[in-house]
file upload20.csv (CSV, C-alpha atoms)
chain,number,residue,atom,x,y,z
A,4,TYR,CA,-49.1,-112.5,-97.6
A,5,GLY,CA,-50.9,-113.2,-94.3
A,6,ILE,CA,-50.1,-112.9,-90.7
A,7,PHE,CA,-49.9,-116.5,-89.4
A,8,PRO,CA,-49.3,-119.8,-91.4
A,9,GLU,CA,-53.1,-120.5,-91.4
A,10,ASP,CA,-53.7,-117.2,-93.2
A,11,LEU,CA,-51.0,-117.8,-95.8
A,12,ALA,CA,-52.2,-121.4,-96.5
A,13,THR,CA,-55.8,-120.3,-97.1
A,14,ALA,CA,-54.8,-117.2,-99.1
A,15,GLN,CA,-56.7,-115.3,-96.3
A,16,ALA,CA,-60.0,-116.8,-97.4
A,17,LEU,CA,-60.8,-118.2,-93.9
A,18,SER,CA,-59.0,-115.5,-91.9
A,19,MET,CA,-62.2,-113.8,-90.9
A,20,PHE,CA,-63.3,-117.0,-89.1
A,21,ASN,CA,-60.0,-118.3,-87.6
A,22,SER,CA,-59.9,-118.9,-83.9
A,23,GLN,CA,-56.3,-117.7,-83.6
A,24,VAL,CA,-55.3,-114.3,-82.5
A,25,SER,CA,-54.7,-113.2,-86.1
A,26,ALA,CA,-58.5,-112.5,-86.1
A,27,ASN,CA,-57.5,-109.4,-84.3
A,28,TYR,CA,-56.5,-107.9,-87.7
A,29,TYR,CA,-58.9,-109.7,-90.1
A,30,ASN,CA,-62.0,-109.7,-88.0
A,31,PRO,CA,-61.8,-108.8,-84.2
A,32,ALA,CA,-65.3,-110.3,-83.7
A,33,ALA,CA,-63.8,-113.8,-84.3
A,34,LEU,CA,-61.7,-113.4,-81.1
A,35,VAL,CA,-64.6,-115.0,-79.2
A,36,LYS,CA,-64.5,-118.3,-81.2
A,37,ASP,CA,-62.2,-119.8,-78.5
A,38,GLU,CA,-62.8,-119.0,-74.9
A,39,ARG,CA,-59.2,-119.9,-73.9
A,40,GLY,CA,-56.3,-117.5,-73.8
A,41,GLU,CA,-53.6,-117.9,-76.5
A,42,LEU,CA,-49.9,-117.2,-77.0
A,43,THR,CA,-48.6,-117.6,-80.6
A,44,GLN,CA,-45.2,-117.1,-81.9
A,45,ALA,CA,-44.5,-117.2,-85.7
A,46,ILE,CA,-41.7,-116.7,-88.1
A,47,MET,CA,-42.0,-115.9,-91.8
A,48,HIS,CA,-39.5,-116.0,-94.7
A,49,ALA,CA,-40.4,-114.6,-98.2
A,50,GLU,CA,-38.2,-115.2,-101.2
A,51,GLN,CA,-39.1,-112.8,-104.1
A,52,GLU,CA,-37.7,-112.6,-107.5
A,53,LEU,CA,-39.2,-109.5,-109.3
A,54,ARG,CA,-38.1,-109.2,-112.9
A,55,ALA,CA,-38.1,-106.3,-115.4
A,56,GLU,CA,-36.9,-107.3,-118.9
A,57,ARG,CA,-35.5,-104.4,-120.9
A,58,PRO,CA,-33.6,-104.1,-124.2
A,59,GLY,CA,-29.8,-104.5,-124.0
A,60,ILE,CA,-29.7,-105.9,-120.4
A,61,GLU,CA,-29.2,-109.6,-119.8
A,62,ASN,CA,-30.0,-109.7,-116.0
A,63,ASP,CA,-33.7,-108.9,-115.7
A,64,VAL,CA,-33.9,-109.4,-111.9
A,65,LEU,CA,-34.8,-106.1,-110.4
A,66,SER,CA,-35.2,-107.2,-106.8
A,67,ASP,CA,-34.6,-110.4,-105.0
A,68,GLU,CA,-34.1,-109.2,-101.4
A,69,PRO,CA,-35.9,-111.5,-99.0
A,70,SER,CA,-38.4,-110.4,-96.4
A,71,GLN,CA,-38.2,-111.9,-93.0
A,72,SER,CA,-40.5,-111.3,-90.0
A,73,VAL,CA,-41.0,-112.5,-86.4
A,74,LEU,CA,-44.5,-112.2,-85.1
A,75,VAL,CA,-46.0,-112.7,-81.7
A,76,GLY,CA,-49.7,-112.6,-80.8
A,77,MET,CA,-51.6,-113.0,-77.5
A,78,LYS,CA,-55.3,-113.0,-76.5
A,79,THR,CA,-57.1,-113.4,-73.2
A,80,ASN,CA,-60.5,-113.0,-71.6
A,81,ILE,CA,-60.6,-109.8,-69.6
A,82,GLY,CA,-64.2,-110.2,-68.6
A,83,SER,CA,-63.2,-110.8,-65.0
A,84,LEU,CA,-62.4,-107.1,-64.7
A,85,LEU,CA,-66.1,-106.4,-64.8
A,86,GLN,CA,-68.6,-107.2,-62.2
A,87,SER,CA,-71.0,-108.6,-64.8
A,88,GLY,CA,-68.3,-111.1,-65.9
A,89,HIS,CA,-69.4,-110.8,-69.5
A,90,PRO,CA,-66.6,-112.3,-71.7
A,91,ILE,CA,-64.5,-109.7,-73.5
A,92,HIS,CA,-61.5,-111.1,-75.5
A,93,LEU,CA,-58.5,-108.8,-75.9
A,94,GLY,CA,-56.0,-109.5,-78.6
A,95,PHE,CA,-52.5,-108.1,-79.5
A,96,ILE,CA,-50.2,-108.7,-82.4
A,97,ALA,CA,-46.7,-107.4,-83.1
A,98,GLY,CA,-44.3,-108.1,-86.0
A,99,VAL,CA,-40.7,-107.1,-86.5
A,100,GLU,CA,-38.6,-107.4,-89.7
A,101,GLU,CA,-35.3,-109.3,-90.2
A,102,TYR,CA,-36.1,-111.9,-87.6
A,103,GLY,CA,-36.5,-109.2,-84.9
A,104,LYS,CA,-33.5,-107.1,-85.7
A,105,GLU,CA,-35.1,-104.3,-87.6
A,106,MET,CA,-38.1,-102.4,-86.3
A,107,LEU,CA,-38.2,-99.3,-88.5
A,108,ALA,CA,-37.7,-100.6,-92.0
A,109,PHE,CA,-38.5,-97.7,-94.4
A,110,SER,CA,-37.9,-97.0,-98.0
A,111,SER,CA,-39.2,-94.3,-100.3
A,112,GLU,CA,-37.6,-93.2,-103.6
A,113,ALA,CA,-38.0,-92.0,-107.1
A,114,SER,CA,-36.3,-94.5,-109.5
A,115,ASN,CA,-34.7,-94.3,-112.9
A,116,THR,CA,-34.8,-98.1,-113.4
A,117,GLY,CA,-38.3,-98.8,-112.0
A,118,GLN,CA,-39.6,-100.2,-108.7
A,119,PHE,CA,-42.3,-102.6,-107.6
A,120,MET,CA,-45.1,-100.9,-105.7
A,121,ARG,CA,-46.1,-103.6,-103.1
A,122,TYR,CA,-43.0,-105.6,-102.2
A,123,GLY,CA,-40.3,-104.9,-99.7
A,124,ARG,CA,-39.6,-104.8,-96.0
A,125,GLU,CA,-42.3,-103.9,-93.6
A,126,PRO,CA,-41.9,-101.6,-90.6
A,127,LEU,CA,-43.0,-102.4,-87.0
A,128,PHE,CA,-46.5,-103.9,-87.1
A,129,LEU,CA,-48.8,-103.5,-84.1
A,130,SER,CA,-52.5,-104.3,-83.7
A,131,VAL,CA,-54.6,-104.2,-80.6
A,132,GLY,CA,-58.3,-105.1,-80.4
A,133,ALA,CA,-61.2,-106.8,-78.6
A,134,GLY,CA,-64.3,-108.8,-79.4
A,135,THR,CA,-67.4,-109.9,-77.5
A,136,ARG,CA,-70.7,-111.6,-78.0
A,137,ILE,CA,-73.8,-109.4,-78.0
A,138,TRP,CA,-76.4,-112.1,-78.5
A,139,ARG,CA,-76.4,-115.8,-79.3
A,140,GLY,CA,-74.4,-116.4,-82.4
A,141,ILE,CA,-73.7,-112.6,-83.0
A,142,SER,CA,-70.4,-111.1,-82.0
A,143,ILE,CA,-68.7,-107.7,-82.7
A,144,GLY,CA,-65.2,-106.5,-82.4
A,145,GLY,CA,-63.0,-103.5,-82.9
A,146,ALA,CA,-59.2,-103.1,-83.2
A,147,SER,CA,-56.5,-100.7,-84.2
A,148,ARG,CA,-53.6,-101.0,-86.5
A,149,ILE,CA,-50.8,-98.8,-85.2
A,150,THR,CA,-48.1,-97.3,-87.4
A,151,LEU,CA,-45.5,-94.6,-86.7
A,152,ASP,CA,-45.4,-91.1,-88.0
A,153,SER,CA,-41.7,-90.0,-87.6
A,154,THR,CA,-40.4,-86.4,-87.7
A,155,ALA,CA,-37.0,-84.9,-87.7
A,156,GLU,CA,-35.9,-81.3,-87.5
A,157,LEU,CA,-32.4,-80.1,-88.2
A,158,ASN,CA,-30.9,-76.6,-87.8
A,159,THR,CA,-27.3,-76.1,-88.5
A,160,SER,CA,-24.6,-74.0,-90.0
A,161,ALA,CA,-22.2,-75.6,-92.5
A,162,ASP,CA,-19.5,-74.8,-95.0
A,163,PHE,CA,-18.9,-76.3,-98.5
A,164,ALA,CA,-16.7,-79.0,-97.0
A,165,GLY,CA,-19.5,-80.4,-95.0
A,166,ASN,CA,-18.3,-79.2,-91.6
A,167,THR,CA,-21.1,-78.2,-89.3
A,168,GLU,CA,-21.4,-76.1,-86.2
A,169,ASP,CA,-24.2,-74.7,-84.0
A,170,SER,CA,-26.3,-77.8,-84.8
A,171,GLU,CA,-29.6,-78.7,-83.4
A,172,LEU,CA,-31.4,-81.9,-84.1
A,173,ARG,CA,-34.9,-83.1,-82.9
A,174,VAL,CA,-36.3,-86.5,-83.7
A,175,GLY,CA,-39.8,-87.7,-82.7
A,176,ALA,CA,-42.4,-90.4,-83.5
A,177,GLU,CA,-46.1,-90.5,-82.9
A,178,PRO,CA,-48.5,-93.4,-83.3
A,179,ASN,CA,-50.9,-93.3,-86.1
A,180,ILE,CA,-54.0,-95.3,-85.1
A,181,ARG,CA,-56.4,-96.6,-87.7
A,182,SER,CA,-59.6,-98.6,-87.0
A,183,ILE,CA,-60.6,-102.1,-87.8
A,184,LEU,CA,-64.2,-103.2,-87.2
A,185,GLY,CA,-65.8,-106.6,-87.5
A,186,LEU,CA,-69.2,-108.4,-87.2
A,187,THR,CA,-69.8,-112.2,-87.2
A,188,LEU,CA,-73.1,-114.0,-87.5
A,189,ASN,CA,-73.4,-117.7,-86.7
A,190,TRP,CA,-76.7,-118.6,-88.4
A,191,GLY,CA,-77.2,-121.9,-86.6
A,192,GLU,CA,-76.6,-120.5,-83.1
A,193,THR,CA,-78.8,-117.5,-83.8
A,194,PHE,CA,-81.9,-119.0,-85.5
A,195,CYS,CA,-81.8,-122.7,-84.5
A,196,PRO,CA,-79.7,-123.4,-81.4
A,197,GLU,CA,-81.1,-127.0,-81.3
A,198,GLY,CA,-79.6,-127.7,-84.7
A,199,CYS,CA,-80.8,-127.3,-88.3
A,200,PHE,CA,-79.5,-127.0,-91.9
A,201,LEU,CA,-78.1,-123.6,-90.9
A,202,SER,CA,-75.8,-125.1,-88.3
A,203,GLY,CA,-72.1,-124.5,-89.3
A,204,LEU,CA,-72.9,-121.5,-91.5
A,205,GLU,CA,-71.1,-118.2,-90.6
A,206,THR,CA,-71.0,-114.8,-92.2
A,207,GLY,CA,-68.7,-112.0,-91.4
A,208,LEU,CA,-68.3,-108.3,-92.3
A,209,THR,CA,-65.2,-106.2,-91.7
A,210,TYR,CA,-63.8,-102.8,-92.3
A,211,ARG,CA,-60.2,-101.8,-92.2
A,212,ASN,CA,-59.1,-98.2,-92.5
A,213,SER,CA,-56.2,-97.2,-94.7
A,214,SER,CA,-52.8,-97.0,-93.0
A,215,ALA,CA,-49.2,-96.1,-93.8
A,216,SER,CA,-45.9,-95.3,-92.2
A,217,SER,CA,-44.7,-91.7,-92.7
A,218,THR,CA,-41.5,-89.7,-92.3
A,219,THR,CA,-41.2,-85.9,-92.3
A,220,VAL,CA,-37.8,-84.2,-92.4
A,221,ASP,CA,-37.5,-80.4,-92.1
A,222,SER,CA,-34.0,-78.9,-92.2
A,223,THR,CA,-32.6,-75.4,-92.2
A,224,ILE,CA,-28.9,-75.0,-93.2
A,225,GLN,CA,-27.0,-71.7,-93.0
A,226,VAL,CA,-24.0,-71.5,-95.3
A,227,PRO,CA,-21.8,-68.5,-94.3
A,228,GLY,CA,-20.0,-66.6,-97.1
A,229,THR,CA,-22.5,-67.3,-99.8
A,230,THR,CA,-24.0,-64.5,-102.0
A,231,SER,CA,-27.4,-65.0,-100.4
A,232,GLN,CA,-27.6,-64.9,-96.7
A,233,LYS,CA,-30.9,-66.7,-96.7
A,234,PRO,CA,-30.7,-70.2,-95.1
A,235,LEU,CA,-31.1,-73.3,-97.3
A,236,ARG,CA,-34.4,-75.1,-96.4
A,237,LEU,CA,-35.0,-78.7,-97.2
A,238,ALA,CA,-38.4,-80.3,-96.4
A,239,ILE,CA,-39.3,-83.9,-97.2
A,240,SER,CA,-42.5,-85.7,-96.4
A,241,THR,CA,-43.1,-89.3,-97.6
A,242,ILE,CA,-45.0,-92.5,-96.9
A,243,ASP,CA,-44.2,-96.2,-97.1
A,244,SER,CA,-46.1,-99.5,-96.6
A,245,TYR,CA,-49.4,-98.1,-97.7
A,246,GLN,CA,-52.5,-100.3,-97.0
A,247,PRO,CA,-55.7,-99.2,-98.6
A,248,GLU,CA,-59.2,-98.9,-97.0
A,249,ILE,CA,-60.7,-102.4,-97.2
A,250,TYR,CA,-64.3,-103.6,-97.0
A,251,ALA,CA,-64.7,-107.4,-96.7
A,252,PHE,CA,-67.5,-109.9,-96.8
A,253,GLY,CA,-67.0,-113.6,-96.1
A,254,THR,CA,-68.9,-116.8,-95.4
A,255,GLN,CA,-67.9,-120.2,-94.4
A,256,TYR,CA,-69.7,-123.5,-93.9
A,257,ALA,CA,-68.2,-126.0,-91.4
A,258,GLY,CA,-69.1,-129.7,-91.0
A,259,ASP,CA,-67.6,-132.5,-89.0
A,260,GLY,CA,-63.9,-132.1,-89.5
A,261,TRP,CA,-64.0,-129.8,-92.4
A,262,ARG,CA,-64.8,-126.2,-93.4
A,263,LEU,CA,-65.0,-124.3,-96.7
A,264,GLY,CA,-65.1,-120.5,-97.1
A,265,PHE,CA,-65.2,-117.6,-99.5
A,266,THR,CA,-64.2,-114.0,-99.0
A,267,VAL,CA,-64.4,-111.0,-101.2
A,268,GLU,CA,-62.7,-107.7,-100.5
A,269,GLN,CA,-63.1,-104.3,-102.0
A,270,ARG,CA,-59.8,-102.3,-101.7
A,271,LYS,CA,-60.0,-98.5,-102.1
A,272,TRP,CA,-56.7,-97.9,-103.9
A,273,SER,CA,-58.0,-94.8,-105.6
A,274,ALA,CA,-57.1,-92.8,-102.5
A,275,LEU,CA,-53.4,-93.5,-103.0
A,276,GLY,CA,-53.2,-91.0,-105.8
A,277,GLU,CA,-54.0,-88.1,-103.4
A,278,GLU,CA,-51.5,-89.5,-100.9
A,279,LEU,CA,-48.7,-89.4,-103.5
A,280,ASP,CA,-49.6,-85.9,-104.5
A,281,GLN,CA,-48.6,-84.8,-101.0
A,282,ASP,CA,-45.5,-87.0,-101.0
A,283,THR,CA,-42.4,-84.9,-101.8
A,284,VAL,CA,-40.4,-88.0,-102.9
A,285,LYS,CA,-43.1,-89.8,-105.0
A,286,ASP,CA,-45.0,-86.9,-106.4
A,287,GLN,CA,-44.8,-86.7,-110.2
A,288,GLN,CA,-44.8,-83.0,-111.0
A,289,ASP,CA,-44.3,-83.3,-114.8
A,290,LEU,CA,-44.2,-79.8,-116.4
A,291,SER,CA,-45.4,-81.2,-119.7
A,292,GLY,CA,-48.9,-81.5,-118.2
A,293,ASP,CA,-49.3,-85.0,-119.7
A,294,ALA,CA,-52.1,-86.7,-117.7
A,295,ALA,CA,-50.4,-90.1,-118.3
A,296,SER,CA,-47.4,-88.8,-116.3
A,297,TYR,CA,-49.4,-89.2,-113.0
A,298,ALA,CA,-50.0,-92.4,-111.2
A,299,GLU,CA,-53.7,-93.3,-111.2
A,300,PHE,CA,-55.1,-96.1,-109.1
A,301,ASP,CA,-58.4,-98.0,-109.4
A,302,ASP,CA,-60.3,-99.7,-106.6
A,303,THR,CA,-60.0,-103.4,-106.8
A,304,VAL,CA,-62.1,-106.5,-105.9
A,305,VAL,CA,-60.2,-109.5,-104.5
A,306,PRO,CA,-62.0,-112.9,-104.4
A,307,ARG,CA,-60.6,-115.6,-102.1
A,308,ILE,CA,-61.6,-119.2,-101.6
A,309,GLY,CA,-60.1,-121.8,-99.1
A,310,GLY,CA,-60.8,-124.8,-97.0
A,311,GLU,CA,-59.6,-127.0,-94.2
A,312,PHE,CA,-59.9,-130.8,-93.7
A,313,ASP,CA,-59.0,-132.9,-90.7
A,314,VAL,CA,-56.8,-135.9,-91.5
A,315,PHE,CA,-55.3,-138.6,-89.3
A,316,GLY,CA,-56.9,-137.4,-86.1
A,317,HIS,CA,-54.7,-134.5,-84.9
A,318,PHE,CA,-53.7,-133.1,-88.3
A,319,SER,CA,-55.5,-130.9,-90.7
A,320,VAL,CA,-54.7,-129.7,-94.2
A,321,LEU,CA,-55.4,-126.2,-95.4
A,322,PHE,CA,-55.5,-124.7,-98.9
A,323,GLY,CA,-56.6,-121.6,-100.6
A,324,ALA,CA,-56.4,-119.4,-103.7
A,325,ALA,CA,-57.0,-115.8,-104.7
A,326,TYR,CA,-56.8,-113.5,-107.6
A,327,GLU,CA,-55.8,-109.8,-107.3
A,328,LYS,CA,-55.9,-107.3,-110.1
A,329,SER,CA,-53.4,-104.6,-110.1
A,330,PRO,CA,-54.8,-101.2,-108.9
A,331,LEU,CA,-52.1,-99.3,-111.0
A,332,GLN,CA,-54.0,-98.0,-114.0
A,333,THR,CA,-51.2,-96.1,-115.7
A,334,GLU,CA,-48.3,-97.8,-117.5
A,335,LYS,CA,-46.1,-94.7,-117.5
A,336,THR,CA,-45.2,-92.8,-114.3
A,337,PRO,CA,-42.0,-90.8,-115.1
A,338,LYS,CA,-39.6,-90.2,-112.2
A,339,LEU,CA,-41.5,-92.6,-110.0
A,340,ASN,CA,-41.5,-95.5,-112.5
A,341,TYR,CA,-43.9,-97.8,-110.5
A,342,PHE,CA,-44.4,-101.4,-111.5
A,343,ASP,CA,-47.4,-103.5,-110.4
A,344,ASN,CA,-48.9,-106.7,-111.8
A,345,ASP,CA,-52.0,-108.8,-111.5
A,346,ARG,CA,-51.4,-111.6,-109.0
A,347,ILE,CA,-52.5,-115.3,-108.9
A,348,ILE,CA,-52.1,-116.6,-105.3
A,349,GLY,CA,-52.1,-120.1,-104.0
A,350,GLY,CA,-51.5,-121.6,-100.6
A,351,LEU,CA,-51.1,-124.9,-98.8
A,352,GLY,CA,-50.6,-125.7,-95.1
A,353,LEU,CA,-50.6,-128.2,-92.4
A,354,SER,CA,-51.8,-127.9,-88.8
A,355,ALA,CA,-50.9,-130.4,-86.0
A,356,THR,CA,-52.1,-130.6,-82.4
A,357,TYR,CA,-49.9,-132.3,-79.8
A,358,GLU,CA,-51.9,-133.5,-76.8
A,359,ARG,CA,-49.4,-135.5,-74.8
A,360,THR,CA,-48.0,-132.5,-73.0
A,361,ARG,CA,-46.5,-133.1,-69.5
A,362,PHE,CA,-46.3,-129.5,-68.3
A,363,PHE,CA,-49.1,-127.6,-70.1
A,364,THR,CA,-52.8,-127.7,-69.4
A,365,TYR,CA,-53.9,-127.6,-73.1
A,366,PRO,CA,-52.5,-129.2,-76.3
A,367,ILE,CA,-49.9,-127.4,-78.2
A,368,ARG,CA,-50.6,-126.4,-81.8
A,369,PHE,CA,-48.0,-126.4,-84.6
A,370,ASP,CA,-48.7,-124.7,-88.0
A,371,ILE,CA,-46.7,-124.4,-91.2
A,372,GLY,CA,-47.9,-122.6,-94.3
A,373,TYR,CA,-46.7,-122.0,-97.8
A,374,GLN,CA,-47.9,-119.4,-100.3
A,375,TYR,CA,-46.9,-118.8,-103.9
A,376,GLN,CA,-47.7,-115.6,-105.8
A,377,LYS,CA,-47.3,-115.4,-109.6
A,378,LEU,CA,-47.0,-111.9,-111.0
A,379,GLN,CA,-48.4,-111.9,-114.5
A,380,GLU,CA,-46.5,-110.3,-117.3
A,381,ARG,CA,-47.2,-106.6,-117.9
A,382,ASP,CA,-45.5,-103.9,-120.0
A,383,PHE,CA,-44.6,-100.5,-118.6
A,384,GLN,CA,-42.9,-97.4,-120.1
A,385,VAL,CA,-39.9,-96.3,-118.1
A,386,GLN,CA,-38.3,-92.9,-118.4
A,387,ARG,CA,-34.5,-93.0,-118.2
A,388,ASN,CA,-32.5,-89.8,-119.1
A,389,SER,CA,-35.5,-88.3,-120.8
A,390,GLN,CA,-35.9,-91.4,-122.9
A,391,LEU,CA,-38.8,-93.9,-122.8
A,392,GLU,CA,-38.2,-97.6,-123.0
A,393,THR,CA,-40.6,-100.5,-122.8
A,394,VAL,CA,-40.1,-102.9,-119.9
A,395,THR,CA,-41.8,-106.3,-119.4
A,396,THR,CA,-42.3,-107.1,-115.7
A,397,ASP,CA,-43.2,-110.3,-113.9
A,398,GLY,CA,-42.2,-112.2,-110.8
A,399,ASP,CA,-42.4,-115.2,-108.5
A,400,ILE,CA,-42.8,-115.0,-104.7
A,401,HIS,CA,-42.4,-118.0,-102.4
A,402,VAL,CA,-43.4,-117.5,-98.7
A,403,VAL,CA,-43.0,-120.0,-95.8
A,404,SER,CA,-44.2,-119.5,-92.3
A,405,GLY,CA,-44.3,-121.6,-89.1
A,406,SER,CA,-45.8,-121.0,-85.7
A,407,ILE,CA,-46.4,-122.6,-82.3
A,408,THR,CA,-49.4,-121.8,-80.2
A,409,PHE,CA,-50.0,-122.3,-76.5
A,410,LYS,CA,-53.4,-122.2,-74.9
A,411,PHE,CA,-54.1,-121.1,-71.4

call {"tool": "encode", "arguments": {"input": "upload20.csv", "output": "structure tokens"}}
result
Amino acid sequence: YGIFPEDLATAQALSMFNSQVSANYYNPAALVKDERGELTQAIMHAEQELRAERPGIENDVLSDEPSQSVLVGMKTNIGSLLQSGHPIHLGFIAGVEEYGKEMLAFSSEASNTGQFMRYGREPLFLSVGAGTRIWRGISIGGASRITLDSTAELNTSADFAGNTEDSELRVGAEPNIRSILGLTLNWGETFCPEGCFLSGLETGLTYRNSSASSTTVDSTIQVPGTTSQKPLRLAISTIDSYQPEIYAFGTQYAGDGWRLGFTVEQRKWSALGEELDQDTVKDQQDLSGDAASYAEFDDTVVPRIGGEFDVFGHFSVLFGAAYEKSPLQTEKTPKLNYFDNDRIIGGLGLSATYERTRFFTYPIRFDIGYQYQKLQERDFQVQRNSQLETVTTDGDIHVVSGSITFKF
């Protein structure tokens, strides 16, 4: 949906150029846009009604479980650590599900009724990065998105009643670090510092590597008294919350109290097919050899457009829209039964600055953002008990987010 309310409201069209710490994820080079330090706390609530209409069943709601996140972000200038004093802006973002109560949300399954590919709870989200200016109007940045690769190893002896003895359990987790790179060019500052028609025009390029959370379970169970004295081995390796490799280009033009921007992303979803082939939960090993039994994914291009206008002095209105075509090419994925739809996205938000603070050096900023996603109707073939049935899927998602930002 977006990290902070400003990202939701503009459908991420202006996120590459935002001065808030969310730039750490969208474009680390933009961390330099505000020299001050920042502490932002945000809360997000998403209501999703995902529907699958099938013959003979009245209730077509397949999933309506809400998603709720608490996020915190901070950035500061660490240039004073160097003798040169060159400004380097360090940013950090963390997000936790269920309003901070759940850090390791994870779900991976094969489904007889069908499941939506891109909606559900998100595990612990971490991103750390930095940005700096290399010449007038030109800044670069790099960041990392950090996910967890969890492992569990179980060795035990058990009887048919489930009683265990001589058990040994090892659990571990390692960080999986994926890169984010960004470049921003302010045309006016670079080519005409004194001011010209290029003033206010900015262009950005970013690259985000693919990422996912993974879990691997390896168990060895010895069952005494069975015909075969060989232990029973169970190995599971699966991923969740997959984010594809993304290349993004964006531009915005800012005037006195307003800005408009456009961003286009290329998402490399085609690599997900290889990931699922190695997933012991989501692989589709159909012995029939039917090519349509395997999930195939296309790369997609996502256009986004948004704007921001100042009103009433200390208030600004934000808006944005985007269209995302589904990467899922196949309409039949037996055992897995994935659903995914084309999405129309719209956002609206309000930002307010409170300057009459008694205890703080800088004004406090309040943001609220709303985003609506419409999943367009699409038919899929679902395999249930070796029978295929046609299912018509669609959905509505409403997302609300609010944040408070302190500058220092």

call {"tool": "residues_around", "arguments": {"input": "upload20.csv", "residues": "Leu351 of chain A", "least_positions_apart": "5", "cutoff": "12 Å", "atoms": "all atoms listed in the file", "output": "MDAnalysis selection string"}}
result
chainID A and resid 8:15 309:312 319:324 370:375 401:404

call {"tool": "residues_around", "arguments": {"input": "upload20.csv", "residues": "Val394 of chain A", "least_positions_apart": "6", "cutoff": "8 Å", "atoms": "all atoms listed in the file", "output": "PyMOL selection string"}}
result
chain A and resi 55-58+382-385

call {"tool": "closest_atom_pairs", "arguments": {"input": "upload20.csv", "of": "segment 310-363 of chain A", "to": "segment 278-287 of chain A", "cutoff": "10 Å", "atoms": "all atoms listed in the file", "output": "tab-separated table"}}
result
residue	atom	partner	partner_atom	distance
A:Thr336	CA	A:Gln287	CA	7.4
A:Pro337	CA	A:Gln287	CA	7.0
A:Lys338	CA	A:Gln287	CA	6.6
A:Leu339	CA	A:Lys285	CA	5.9
A:Asn340	CA	A:Lys285	CA	9.6
A:Tyr341	CA	A:Lys285	CA	9.7

call {"tool": "closest_atom_pairs", "arguments": {"input": "upload20.csv", "of": "segment 11-91 of chain A", "to": "segment 238-250 of chain A", "cutoff": "12 Å", "atoms": "only C-alpha atoms", "output": "Markdown table"}}
result
| residue | atom | partner | partner_atom | distance |
| --- | --- | --- | --- | --- |
| A:Tyr28 | CA | A:Ile249 | CA | 11.8 |
| A:Tyr29 | CA | A:Ile249 | CA | 10.3 |
| A:Asn30 | CA | A:Tyr250 | CA | 11.1 |

call {"tool": "closest_residue", "arguments": {"input": "upload20.csv", "among": "A:Asp259, A:Glu177, A:Glu380, A:Glu197", "to": "Phe342 of chain A", "atoms": "all atoms listed in the file"}}
result
A:Glu380

call {"tool": "atom_distance", "arguments": {"input": "upload20.csv", "atom1": "atom CA of Ala49 of chain A", "atom2": "atom CA of Tyr4 of chain A"}}
result
9.0 Å

call {"tool": "closest_residue", "arguments": {"input": "upload20.csv", "among": "A:Ser217, A:Gln71, A:Ser18, A:Thr356", "to": "Val99 of chain A", "atoms": "all atoms listed in the file"}}
result
A:Gln71

call {"tool": "closest_atom_pairs", "arguments": {"input": "upload20.csv", "of": "segment 274-391 of chain A", "to": "segment 32-42 of chain A", "cutoff": "12 Å", "atoms": "all atoms listed in the file", "output": "JSON lines"}}
result
{"residue": "A:Thr364", "atom": "CA", "partner": "A:Arg39", "partner_atom": "CA", "distance": 11.0}
{"residue": "A:Tyr365", "atom": "CA", "partner": "A:Arg39", "partner_atom": "CA", "distance": 9.4}
{"residue": "A:Pro366", "atom": "CA", "partner": "A:Glu41", "partner_atom": "CA", "distance": 11.4}
{"residue": "A:Ile367", "atom": "CA", "partner": "A:Leu42", "partner_atom": "CA", "distance": 10.3}
{"residue": "A:Arg368", "atom": "CA", "partner": "A:Leu42", "partner_atom": "CA", "distance": 10.4}

call {"tool": "closest_residue", "arguments": {"input": "upload20.csv", "among": "A:Gly264, A:Gly5, A:Gly94, A:Pro178", "to": "Gly144 of chain A", "atoms": "all atoms listed in the file"}}
result
A:Gly94

call {"tool": "closest_residue", "arguments": {"input": "upload20.csv", "among": "A:Arg148, A:Asn21, A:Glu171, A:Gly132", "to": "Asn212 of chain A", "atoms": "only C-alpha atoms"}}
result
A:Arg148

call {"tool": "residues_around", "arguments": {"input": "upload20.csv", "residues": "segment 222-225 of chain A", "least_positions_apart": "4", "cutoff": "6 Å", "atoms": "all atoms listed in the file", "output": "list in words"}}
result
Glu156, Leu157, Asn158, Thr159, Ser160, Pro234, Leu235, Arg236 and Leu237 of chain A

call {"tool": "atom_distance", "arguments": {"input": "upload20.csv", "atom1": "atom CA of Ser142 of chain A", "atom2": "atom CA of Leu74 of chain A"}}
result
26.1 Å

call {"tool": "closest_residue", "arguments": {"input": "upload20.csv", "among": "A:Arg124, A:Arg54, A:Arg381, A:Arg307", "to": "Ala16 of chain A", "atoms": "all atoms listed in the file"}}
result
A:Arg307

call {"tool": "closest_residue", "arguments": {"input": "upload20.csv", "among": "A:Gly398, A:Pro126, A:Gly316, A:Gly175", "to": "Glu358 of chain A", "atoms": "all atoms listed in the file"}}
result
A:Gly316

call {"tool": "atom_distance", "arguments": {"input": "upload20.csv", "atom1": "atom CA of Ile81 of chain A", "atom2": "atom CA of Ala257 of chain A"}}
result
28.2 Å

call {"tool": "residues_around", "arguments": {"input": "upload20.csv", "residues": "Phe95 of chain A", "least_positions_apart": "3", "cutoff": "12 Å", "atoms": "all atoms listed in the file", "output": "PyMOL selection string"}}
result
chain A and resi 23-28+31+34+40-44+74-79+92+98+128-134+145-149

call {"tool": "residues_near_point", "arguments": {"input": "upload20.csv", "point": "(-75.7, -119.2, -90.0)", "cutoff": "10 Å", "atoms": "all atoms listed in the file", "output": "list in words"}}
result
Gly140, Ile141, Thr187, Leu188, Asn189, Trp190, Gly191, Glu192, Thr193, Phe194, Cys195, Cys199, Phe200, Leu201, Ser202, Gly203, Leu204, Glu205, Thr206, Thr254, Gln255 and Tyr256 of chain A
